[in-house]
file upload27.txt (compact mmCIF, C-alpha atoms (C1' of nucleotides))
# COMPACT_ATOMS: atom_id res chain seq x y z
CA MET P 1 124.02 6.68 98.28
CA PRO P 2 122.00 8.61 100.87
CA ALA P 3 121.41 11.39 98.33
CA ARG P 4 121.62 14.23 100.82
CA LYS P 5 119.52 17.08 99.63
CA LEU P 6 121.03 20.50 99.84
CA ALA P 7 117.80 22.36 100.38
CA GLY P 8 114.09 21.89 100.68
CA ARG P 9 111.77 20.65 103.38
CA PRO P 10 112.78 17.11 104.36
CA VAL P 11 110.51 14.17 103.73
CA ASN P 12 108.52 13.13 106.76
CA ALA P 13 109.40 9.47 107.20
CA GLU P 14 106.66 8.97 109.76
CA ALA P 15 104.07 9.77 107.13
CA SER P 16 105.22 6.75 105.10
CA THR P 17 105.07 4.30 107.98
CA ALA P 18 101.75 5.73 109.13
CA LEU P 19 100.32 5.31 105.64
CA LYS P 20 101.60 1.75 105.28
CA SER P 21 100.31 0.58 108.61
CA ALA P 22 96.99 2.37 108.17
CA ALA P 23 96.59 0.82 104.74
CA LEU P 24 97.47 -2.67 105.93
CA ARG P 25 95.20 -2.49 108.94
CA LEU P 26 92.22 -1.09 107.05
CA VAL P 27 92.64 -3.48 104.15
CA ARG P 28 92.84 -6.51 106.39
CA GLU P 29 89.82 -5.33 108.31
CA ASN P 30 87.54 -4.25 105.50
CA GLY P 31 88.95 -5.71 102.30
CA TYR P 32 90.92 -3.92 99.61
CA GLU P 33 87.98 -2.65 97.60
CA LYS P 34 86.12 -1.27 100.57
CA VAL P 35 88.99 0.91 101.70
CA SER P 36 89.09 4.32 100.09
CA ILE P 37 92.13 6.53 99.72
CA ALA P 38 90.24 9.08 101.79
CA ALA P 39 89.96 6.59 104.65
CA ILE P 40 93.65 5.69 104.51
CA VAL P 41 94.91 9.25 104.60
CA LYS P 42 92.45 10.15 107.34
CA GLU P 43 93.58 7.18 109.42
CA ALA P 44 97.21 8.06 108.83
CA GLY P 45 96.58 11.72 109.54
CA VAL P 46 98.21 13.04 106.38
CA ALA P 47 97.03 14.78 103.25
CA ARG P 48 95.97 12.82 100.21
CA GLN P 49 98.71 14.29 98.08
CA THR P 50 101.33 13.09 100.55
CA LEU P 51 100.32 9.54 99.70
CA TYR P 52 100.59 10.25 95.99
CA ASN P 53 103.98 11.85 96.51
CA ARG P 54 105.27 8.43 97.56
CA TRP P 55 103.18 5.89 95.66
CA ASN P 56 101.51 6.05 92.29
CA THR P 57 98.39 4.13 93.23
CA LYS P 58 96.63 2.49 96.11
CA ALA P 59 97.95 -0.83 94.81
CA ASP P 60 101.57 0.34 95.07
CA LEU P 61 101.08 1.42 98.67
CA VAL P 62 99.33 -1.78 99.70
CA LEU P 63 101.86 -3.95 97.86
CA GLU P 64 104.68 -2.34 99.81
CA ALA P 65 102.80 -2.73 103.09
CA VAL P 66 101.98 -6.38 102.44
CA PHE P 67 105.43 -7.08 101.04
CA GLU P 68 107.19 -6.08 104.24
CA GLU P 69 104.88 -8.31 106.22
CA THR P 70 105.07 -11.20 103.82
CA ASN P 71 108.79 -11.57 104.05
CA ASN P 72 108.34 -12.48 107.69
CA TYR P 73 106.15 -15.39 106.78
CA ALA P 74 107.79 -17.16 103.93
CA ALA P 75 111.35 -16.07 103.55
CA GLU P 76 113.02 -19.30 102.44
CA PRO P 77 112.00 -22.91 102.13
CA LEU P 78 114.08 -24.33 104.93
CA TRP P 79 116.27 -27.39 104.56
CA GLU P 80 116.11 -29.49 107.65
CA GLU P 81 118.34 -32.45 108.26
CA GLY P 82 116.58 -35.74 107.85
CA LYS P 83 113.86 -34.30 105.66
CA ASP P 84 113.70 -34.83 101.95
CA CYS P 85 113.04 -31.89 99.67
CA ARG P 86 109.46 -32.89 99.03
CA THR P 87 108.59 -32.77 102.71
CA SER P 88 110.35 -29.45 103.17
CA LEU P 89 108.58 -28.01 100.19
CA GLU P 90 105.21 -29.22 101.40
CA GLU P 91 105.78 -27.57 104.77
CA PHE P 92 106.85 -24.40 103.03
CA LEU P 93 103.70 -24.34 100.91
CA VAL P 94 101.56 -24.87 103.98
CA LYS P 95 103.23 -21.88 105.61
CA ILE P 96 102.43 -19.75 102.58
CA PHE P 97 98.84 -20.96 102.58
CA GLU P 98 98.52 -20.03 106.24
CA HIS P 99 99.70 -16.55 105.46
CA LEU P 100 97.06 -16.35 102.78
CA ASN P 101 94.39 -16.72 105.41
CA THR P 102 95.40 -13.20 106.41
CA ASP P 103 96.41 -11.57 103.15
CA GLY P 104 95.00 -13.78 100.41
CA ASP P 105 92.14 -11.45 99.55
CA THR P 106 94.52 -8.52 99.42
CA LEU P 107 96.85 -10.44 97.16
CA ARG P 108 93.96 -11.27 94.85
CA ALA P 109 93.11 -7.58 94.68
CA LEU P 110 96.72 -6.71 93.86
CA ILE P 111 96.84 -9.29 91.09
CA ALA P 112 93.63 -7.78 89.77
CA SER P 113 95.09 -4.27 89.90
CA ALA P 114 98.09 -5.45 87.93
CA GLN P 115 95.78 -6.37 85.07
CA HIS P 116 94.83 -2.80 84.29
CA ASP P 117 97.96 -0.95 85.30
CA SER P 118 101.04 -2.05 83.42
CA ALA P 119 103.41 0.01 85.55
CA PHE P 120 102.12 -1.69 88.65
CA GLN P 121 102.16 -5.07 86.94
CA SER P 122 105.83 -4.67 86.21
CA SER P 123 106.58 -3.63 89.78
CA PHE P 124 104.51 -6.44 91.22
CA TYR P 125 106.17 -8.98 88.96
CA THR P 126 109.68 -7.83 89.70
CA ASN P 127 109.34 -7.33 93.43
CA PHE P 128 106.93 -10.07 94.35
CA VAL P 129 106.22 -12.71 91.75
CA LEU P 130 109.63 -13.36 90.27
CA PRO P 131 111.58 -13.60 93.55
CA ARG P 132 109.13 -16.17 94.84
CA GLU P 133 109.27 -18.17 91.65
CA LYS P 134 113.07 -18.07 91.70
CA MET P 135 113.11 -19.17 95.33
CA ILE P 136 111.33 -22.40 94.48
CA THR P 137 113.40 -22.92 91.35
CA VAL P 138 116.62 -22.61 93.30
CA PHE P 139 115.28 -24.96 95.93
CA LEU P 140 114.49 -27.56 93.28
CA LEU P 141 117.87 -27.16 91.63
CA ARG P 142 119.53 -27.80 94.94
CA ALA P 143 117.35 -30.86 95.36
CA GLN P 144 118.63 -32.06 91.99
CA GLU P 145 122.24 -31.53 93.08
CA ARG P 146 121.55 -33.63 96.14
CA GLY P 147 120.01 -36.35 94.03
CA GLU P 148 116.54 -35.93 95.52
CA LEU P 149 115.01 -34.90 92.21
CA PRO P 150 115.91 -36.39 88.83
CA GLN P 151 118.20 -34.21 86.72
CA SER P 152 115.81 -34.74 83.85
CA ARG P 153 113.13 -32.60 85.46
CA ASN P 154 112.74 -28.97 84.39
CA ALA P 155 113.04 -27.01 87.63
CA GLU P 156 111.79 -23.75 86.14
CA MET P 157 108.67 -25.39 84.76
CA LEU P 158 108.03 -27.21 88.01
CA SER P 159 108.17 -23.89 89.82
CA THR P 160 105.75 -22.43 87.30
CA LEU P 161 103.42 -25.38 87.83
CA ILE P 162 103.48 -24.94 91.59
CA HIS P 163 102.85 -21.22 91.46
CA GLY P 164 100.32 -21.55 88.69
CA ALA P 165 98.23 -24.07 90.59
CA PHE P 166 98.44 -21.89 93.63
CA TRP P 167 97.38 -18.73 91.78
CA TYR P 168 94.62 -20.56 89.97
CA TRP P 169 93.11 -21.79 93.19
CA LEU P 170 93.60 -18.49 94.97
CA LEU P 171 91.94 -16.49 92.22
CA ASN P 172 89.06 -18.91 92.06
CA SER P 173 88.61 -18.84 95.83
CA ARG P 174 89.28 -22.51 96.30
CA ALA P 175 90.60 -23.76 99.61
CA LEU P 176 94.37 -23.67 99.90
CA ASP P 177 95.16 -26.17 102.63
CA VAL P 178 97.41 -29.04 103.58
CA GLY P 179 95.46 -31.43 101.39
CA PHE P 180 95.96 -29.28 98.35
CA ALA P 181 99.69 -28.96 99.02
CA ARG P 182 100.01 -32.73 99.34
CA ASP P 183 97.95 -33.52 96.23
CA LEU P 184 99.82 -30.91 94.24
CA LEU P 185 103.25 -32.26 95.11
CA SER P 186 102.07 -35.85 94.62
CA GLU P 187 101.47 -35.08 91.01
CA LEU P 188 104.82 -33.34 90.53
CA PHE P 189 107.18 -35.60 92.42
CA ILE P 190 106.80 -38.81 90.45
CA MET F 191 59.67 -22.83 79.19
CA PRO F 192 59.19 -19.78 76.98
CA ALA F 193 57.58 -17.90 79.91
CA ARG F 194 55.11 -15.97 77.81
CA LYS F 195 54.37 -12.67 79.43
CA LEU F 196 50.77 -11.62 79.63
CA ALA F 197 51.36 -7.91 79.50
CA GLY F 198 54.05 -5.29 79.33
CA ARG F 199 56.32 -3.93 76.64
CA PRO F 200 58.34 -6.80 75.18
CA VAL F 201 62.09 -6.95 75.51
CA ASN F 202 63.94 -5.69 72.48
CA ALA F 203 66.18 -8.59 71.53
CA GLU F 204 68.13 -6.48 69.05
CA ALA F 205 69.31 -4.28 71.88
CA SER F 206 71.05 -7.26 73.46
CA THR F 207 72.86 -8.34 70.31
CA ALA F 208 73.75 -4.75 69.50
CA LEU F 209 75.22 -4.30 72.98
CA LYS F 210 77.18 -7.53 72.84
CA SER F 211 78.69 -6.89 69.45
CA ALA F 212 79.41 -3.26 70.26
CA ALA F 213 81.10 -4.29 73.49
CA LEU F 214 83.16 -7.00 71.84
CA ARG F 215 84.26 -4.78 68.99
CA LEU F 216 85.19 -1.83 71.18
CA VAL F 217 86.96 -3.96 73.76
CA ARG F 218 89.03 -5.74 71.16
CA GLU F 219 89.88 -2.45 69.52
CA ASN F 220 90.66 -0.33 72.56
CA GLY F 221 91.10 -2.70 75.47
CA TYR F 222 88.67 -3.41 78.27
CA GLU F 223 89.67 -0.56 80.55
CA LYS F 224 89.57 2.07 77.86
CA VAL F 225 86.01 1.31 76.87
CA SER F 226 83.39 3.18 78.88
CA ILE F 227 79.80 2.15 79.38
CA ALA F 228 78.88 5.43 77.72
CA ALA F 229 80.79 4.43 74.59
CA ILE F 230 79.18 1.00 74.46
CA VAL F 231 75.61 2.25 74.74
CA LYS F 232 76.29 5.00 72.26
CA GLU F 233 77.74 2.51 69.79
CA ALA F 234 74.80 0.17 70.30
CA GLY F 235 72.32 3.02 70.09
CA VAL F 236 70.46 2.22 73.29
CA ALA F 237 70.06 3.86 76.66
CA ARG F 238 72.43 3.17 79.49
CA GLN F 239 69.72 1.70 81.66
CA THR F 240 68.86 -0.81 78.96
CA LEU F 241 72.31 -2.31 79.39
CA TYR F 242 71.84 -2.52 83.13
CA ASN F 243 68.43 -4.12 82.65
CA ARG F 244 70.21 -7.11 81.13
CA TRP F 245 73.62 -7.30 82.79
CA ASN F 246 74.75 -6.28 86.23
CA THR F 247 78.12 -4.92 85.21
CA LYS F 248 80.35 -4.25 82.24
CA ALA F 249 82.16 -7.49 83.08
CA ASP F 250 78.96 -9.54 82.79
CA LEU F 251 78.21 -8.09 79.39
CA VAL F 252 81.73 -8.60 78.06
CA LEU F 253 81.93 -12.11 79.49
CA GLU F 254 78.80 -13.10 77.61
CA ALA F 255 80.06 -11.51 74.42
CA VAL F 256 83.45 -13.21 74.65
CA PHE F 257 81.93 -16.48 75.77
CA GLU F 258 79.83 -16.85 72.63
CA GLU F 259 82.88 -16.21 70.51
CA THR F 260 85.18 -18.43 72.50
CA ASN F 261 83.13 -21.52 72.04
CA ASN F 262 83.88 -21.30 68.35
CA TYR F 263 87.58 -21.49 68.99
CA ALA F 264 88.11 -24.20 71.50
CA ALA F 265 85.06 -26.36 71.84
CA GLU F 266 86.61 -29.76 72.46
CA PRO F 267 90.08 -31.23 72.37
CA LEU F 268 89.76 -33.38 69.30
CA TRP F 269 90.77 -37.00 69.18
CA GLU F 270 92.33 -37.80 65.88
CA GLU F 271 93.18 -41.28 64.77
CA GLY F 272 96.86 -42.02 64.89
CA LYS F 273 97.57 -39.26 67.41
CA ASP F 274 98.29 -39.91 71.03
CA CYS F 275 96.55 -37.87 73.68
CA ARG F 276 99.59 -35.78 74.42
CA THR F 277 99.86 -34.61 70.83
CA SER F 278 96.14 -33.88 70.65
CA LEU F 279 96.30 -31.95 73.90
CA GLU F 280 99.27 -29.94 72.75
CA GLU F 281 97.45 -28.97 69.59
CA PHE F 282 94.41 -28.03 71.61
CA LEU F 283 96.46 -25.81 73.89
CA VAL F 284 98.04 -24.11 70.91
CA LYS F 285 94.57 -23.37 69.56
CA ILE F 286 93.58 -21.80 72.86
CA PHE F 287 96.76 -19.75 72.92
CA GLU F 288 96.04 -18.49 69.43
CA HIS F 289 92.62 -17.37 70.55
CA LEU F 290 94.26 -15.50 73.37
CA ASN F 291 96.06 -13.34 70.86
CA THR F 292 92.64 -11.85 70.23
CA ASP F 293 90.94 -12.00 73.60
CA GLY F 294 93.71 -12.60 76.11
CA ASP F 295 93.75 -9.04 77.40
CA THR F 296 89.99 -9.08 77.76
CA LEU F 297 90.16 -12.33 79.67
CA ARG F 298 92.75 -10.87 82.00
CA ALA F 299 90.43 -7.95 82.65
CA LEU F 300 87.53 -10.31 83.38
CA ILE F 301 89.62 -12.33 85.81
CA ALA F 302 90.54 -9.06 87.48
CA SER F 303 86.90 -8.01 87.69
CA ALA F 304 86.03 -11.31 89.32
CA GLN F 305 88.36 -10.44 92.18
CA HIS F 306 86.23 -7.58 93.44
CA ASP F 307 82.77 -8.75 92.49
CA SER F 308 81.82 -12.05 94.03
CA ALA F 309 78.60 -12.35 92.05
CA PHE F 310 80.56 -12.03 88.85
CA GLN F 311 83.25 -14.35 90.14
CA SER F 312 80.68 -17.03 90.68
CA SER F 313 79.20 -16.55 87.23
CA PHE F 314 82.62 -16.52 85.60
CA TYR F 315 83.65 -19.63 87.44
CA THR F 316 80.50 -21.57 86.64
CA ASN F 317 80.14 -20.53 83.02
CA PHE F 318 83.72 -20.26 81.93
CA VAL F 319 86.36 -21.67 84.23
CA LEU F 320 84.81 -24.89 85.41
CA PRO F 321 83.58 -26.16 82.02
CA ARG F 322 87.06 -25.70 80.59
CA GLU F 323 88.69 -27.44 83.49
CA LYS F 324 86.23 -30.32 83.24
CA MET F 325 86.86 -30.59 79.51
CA ILE F 326 90.54 -31.31 80.07
CA THR F 327 89.82 -33.61 82.97
CA VAL F 328 87.45 -35.69 80.89
CA PHE F 329 89.97 -35.77 78.10
CA LEU F 330 92.64 -37.09 80.45
CA LEU F 331 90.29 -39.66 81.93
CA ARG F 332 89.56 -40.96 78.47
CA ALA F 333 93.29 -41.09 77.83
CA GLN F 334 93.60 -43.25 80.94
CA GLU F 335 90.88 -45.59 79.70
CA ARG F 336 92.76 -45.98 76.47
CA GLY F 337 95.96 -46.72 78.31
CA GLU F 338 97.72 -43.58 77.09
CA LEU F 339 98.07 -42.17 80.58
CA PRO F 340 98.86 -44.21 83.70
CA GLN F 341 95.85 -44.89 85.92
CA SER F 342 97.93 -43.71 88.85
CA ARG F 343 97.83 -40.10 87.68
CA ASN F 344 95.34 -37.68 89.19
CA ALA F 345 93.42 -36.31 86.20
CA GLU F 346 91.78 -33.48 88.14
CA MET F 347 95.08 -32.27 89.50
CA LEU F 348 96.72 -32.50 86.08
CA SER F 349 93.92 -30.34 84.70
CA THR F 350 94.46 -27.85 87.51
CA LEU F 351 98.18 -27.81 86.76
CA ILE F 352 97.58 -27.13 83.08
CA HIS F 353 95.08 -24.36 83.69
CA GLY F 354 97.09 -22.93 86.54
CA ALA F 355 100.25 -22.65 84.49
CA PHE F 356 98.26 -21.08 81.70
CA TRP F 357 96.56 -18.54 83.98
CA TYR F 358 99.82 -17.76 85.71
CA TRP F 359 101.55 -16.94 82.46
CA LEU F 360 98.58 -15.08 81.07
CA LEU F 361 98.21 -12.90 84.14
CA ASN F 362 101.90 -12.14 84.17
CA SER F 363 101.91 -11.31 80.47
CA ARG F 364 104.32 -14.03 79.53
CA ALA F 365 104.28 -15.44 76.03
CA LEU F 366 101.83 -18.28 75.52
CA ASP F 367 103.12 -20.10 72.46
CA VAL F 368 103.89 -23.51 71.04
CA GLY F 369 107.09 -23.72 73.03
CA PHE F 370 105.29 -23.15 76.28
CA ALA F 371 102.66 -25.77 75.45
CA ARG F 372 105.37 -28.30 74.66
CA ASP F 373 107.46 -27.57 77.76
CA LEU F 374 104.38 -27.65 79.94
CA LEU F 375 103.23 -31.05 78.73
CA SER F 376 106.77 -32.40 78.84
CA GLU F 377 106.77 -31.90 82.56
CA LEU F 378 103.35 -33.48 83.05
CA PHE F 379 103.52 -36.50 80.75
CA ILE F 380 106.33 -38.42 82.33
C1' DG D 381 39.57 2.88 73.69
C1' DC D 382 41.10 1.92 78.81
C1' DT D 383 43.98 -0.19 82.36
C1' DA D 384 47.68 -2.76 84.10
C1' DT D 385 52.24 -4.06 83.25
C1' DT D 386 56.85 -4.04 81.86
C1' DA D 387 60.67 -1.91 78.80
C1' DA D 388 63.24 1.98 77.13
C1' DT D 389 64.87 6.53 77.54
C1' DG D 390 67.38 10.73 79.13
C1' DG D 391 69.29 12.79 82.65
C1' DA D 392 70.41 13.62 87.43
C1' DA D 393 72.82 11.77 91.48
C1' DT D 394 76.47 9.14 94.04
C1' DG D 395 80.93 7.46 95.16
C1' DT D 396 85.74 6.99 94.36
C1' DA D 397 90.68 7.06 92.21
C1' DG D 398 93.70 10.01 90.75
C1' DT D 399 95.16 14.98 89.25
C1' DC D 400 95.87 19.84 89.77
C1' DT D 401 96.60 24.15 92.22
C1' DA D 402 97.52 27.60 95.45
C1' DT D 403 99.23 28.17 100.03
C1' DT D 404 102.03 27.21 103.87
C1' DA D 405 106.10 24.86 106.22
C1' DA D 406 110.81 23.30 106.74
C1' DT D 407 115.30 23.15 105.31
C1' DC D 408 120.08 24.90 103.20
C1' DA D 409 123.19 28.37 101.58
C1' DA D 410 124.55 32.89 101.39
C1' DT K 411 117.63 37.52 107.46
C1' DT K 412 116.72 36.41 102.72
C1' DG K 413 116.13 33.45 98.73
C1' DA K 414 115.88 29.03 96.68
C1' DT K 415 114.05 24.63 97.05
C1' DT K 416 111.22 20.90 98.16
C1' DA K 417 107.34 18.81 101.20
C1' DA K 418 102.76 18.99 103.18
C1' DT K 419 98.18 20.55 103.15
C1' DA K 420 93.31 21.53 101.84
C1' DG K 421 90.30 21.55 98.56
C1' DA K 422 88.68 21.83 93.86
C1' DC K 423 88.45 19.09 89.68
C1' DT K 424 87.93 15.08 86.22
C1' DA K 425 86.40 10.71 84.63
C1' DC K 426 83.89 6.84 85.12
C1' DA K 427 80.72 2.84 86.85
C1' DT K 428 76.64 2.26 88.82
C1' DT K 429 72.08 3.75 90.72
C1' DC K 430 67.89 6.40 90.86
C1' DC K 431 63.97 8.61 88.91
C1' DA K 432 60.44 10.51 86.13
C1' DT K 433 58.60 10.04 81.61
C1' DT K 434 57.31 7.73 77.57
C1' DA K 435 56.46 3.43 74.63
C1' DA K 436 54.68 -1.10 73.64
C1' DT K 437 52.13 -4.90 74.76
C1' DA K 438 47.76 -7.99 76.71
C1' DG K 439 43.25 -8.33 78.46
C1' DC K 440 39.03 -6.11 78.81

call {"tool": "encode", "arguments": {"input": "upload27.txt", "output": "structure tokens"}}
result
Amino acid sequence: MPARKLAGRPVNAEASTALKSAALRLVRENGYEKVSIAAIVKEAGVARQTLYNRWNTKADLVLEAVFEETNNYAAEPLWEEGKDCRTSLEEFLVKIFEHLNTDGDTLRALIASAQHDSAFQSSFYTNFVLPREKMITVFLLRAQERGELPQSRNAEMLSTLIHGAFWYWLLNSRALDVGFARDLLSELFI
Amino acid sequence: MPARKLAGRPVNAEASTALKSAALRLVRENGYEKVSIAAIVKEAGVARQTLYNRWNTKADLVLEAVFEETNNYAAEPLWEEGKDCRTSLEEFLVKIFEHLNTDGDTLRALIASAQHDSAFQSSFYTNFVLPREKMITVFLLRAQERGELPQSRNAEMLSTLIHGAFWYWLLNSRALDVGFARDLLSELFI
DNA sequence: GCTATTAATGGAATGTAGTCTATTAATCAA
DNA sequence: TTGATTAATAGACTACATTCCATTAATAGC
């Protein structure tokens, strides 16, 4: 439903894209905490209230900006012929970790924001956390169907373990690299 | 080394304990974000600067206050005769989860604070995170010595997986209960 | 007592997220 | 063109953590 309005000044779509790209650029350059709302709206060339007309908080804006980017990086764990699910999963994790070289600090800041803003937490969980968890769960379930993972394993819990380890290391600023991906999966695929 | 000072007004030790207990009480009652520095110093009956003479930030103060309490709850995973390590560990996790009914929200707030304050992150990691991770690792290593856990398992990674899952659920406000502890260990002790 | 030293105090100052308000701009319908 | 409606803008305002500063208090050595 396009929800055509019958009257009123139309929303300026350019303002939204300008705000998102300004936010993403500034945050990547200076770090989430160092970027003020004032700087974002100045960079985007719009009024402060225009930002708050579209997003409730800085975190909501940055989440949306990062979210659109992130989906380019790690859309789906790809099944390739001739590769078992463990190898595919490891390659997928490495791709995510590479993305975190760019946006890991921002993601940490968003997770932090979610801890004192329950509305944002809910949005973050629904739009970001849960889809990614489900993606891995579905991948593992398919692996079970194909006989590459024992039916006895709990796919949901395995997905939690993977994401948990990943969050834990991210939030404690430990290195997320190929070695970690391999060691992690070594302990889960047994 | 007691570091006896030769001159100068001595530090008022009561101010520290008053600040810690005021902070802990207020934070448990109202939640970390709702408690202002002004309220803490008023409750403790000291000047604002006195707080900042001892701690760098609200997070540092609250961490110390919670830390002293926490050690009462979950000091060591106890070995009991006639119980295997998995059972002992499950009971230990349940004890931690019970503690989180009291201080879980505060802990979430501290983890959040660590994400935009690298000095605090380092302190939090050294004083809180790492000791707890080591505790489980040592426990698992002892279980390996006793033949209750295969030598082939990677005790450090298992400890990461346990803490990661626990952080992940905590930070996403999912229920940490007996069922979760059991399901978690089911997927690790295989 | 007197001096040097360090702590404690009250209050002002700074910086920032988010809110509120009054004014102006763009659109539709009549 | 006029009125209703909604968006955009500039700027004031609030609340709070943290810092800064000048003043006063408590101690040791003399």

call {"tool": "atom_distance", "arguments": {"input": "upload27.txt", "atom1": "atom CA of P:Ala22", "atom2": "atom CA of P:Phe120"}}
result
20.6 Å

call {"tool": "interface_residues", "arguments": {"input": "upload27.txt", "of": "chain K", "to": "chain P", "cutoff": "10 Å", "atoms": "all atoms listed in the file", "output": "PyMOL selection string"}}
result
chain K and resi 414-420

call {"tool": "axis_aligned_box", "arguments": {"input": "upload27.txt", "around": "stretch 385-398 of chain D", "padding_each_side": "4 Å", "output": "lines of an AutoDock Vina configuration file"}}
result
center_x = 73.0
center_y = 4.8
center_z = 86.1
size_x = 49.5
size_y = 25.7
size_z = 26.0

call {"tool": "closest_atom_pairs", "arguments": {"input": "upload27.txt", "of": "chain D", "to": "chain P", "cutoff": "9 Å", "atoms": "only C-alpha atoms (C1' of nucleotides)", "output": "tab-separated table"}}
result
residue	atom	partner	partner_atom	distance
D:DT396	C1'	P:Ser36	CA	7.2
D:DA397	C1'	P:Ile37	CA	7.7
D:DG398	C1'	P:Thr57	CA	7.9
D:DA405	C1'	P:Arg9	CA	7.6
D:DA406	C1'	P:Arg9	CA	4.4
D:DT407	C1'	P:Arg9	CA	4.7
D:DC408	C1'	P:Ala7	CA	4.4
D:DA409	C1'	P:Ala7	CA	8.2

call {"tool": "interface_residues", "arguments": {"input": "upload27.txt", "of": "chain P", "to": "chain F", "cutoff": "7 Å", "atoms": "only C-alpha atoms", "output": "PyMOL selection string"}}
result
chain P and resi 33+108-109+112+115-116+154+157+160-161+164-165+167-168+184+187
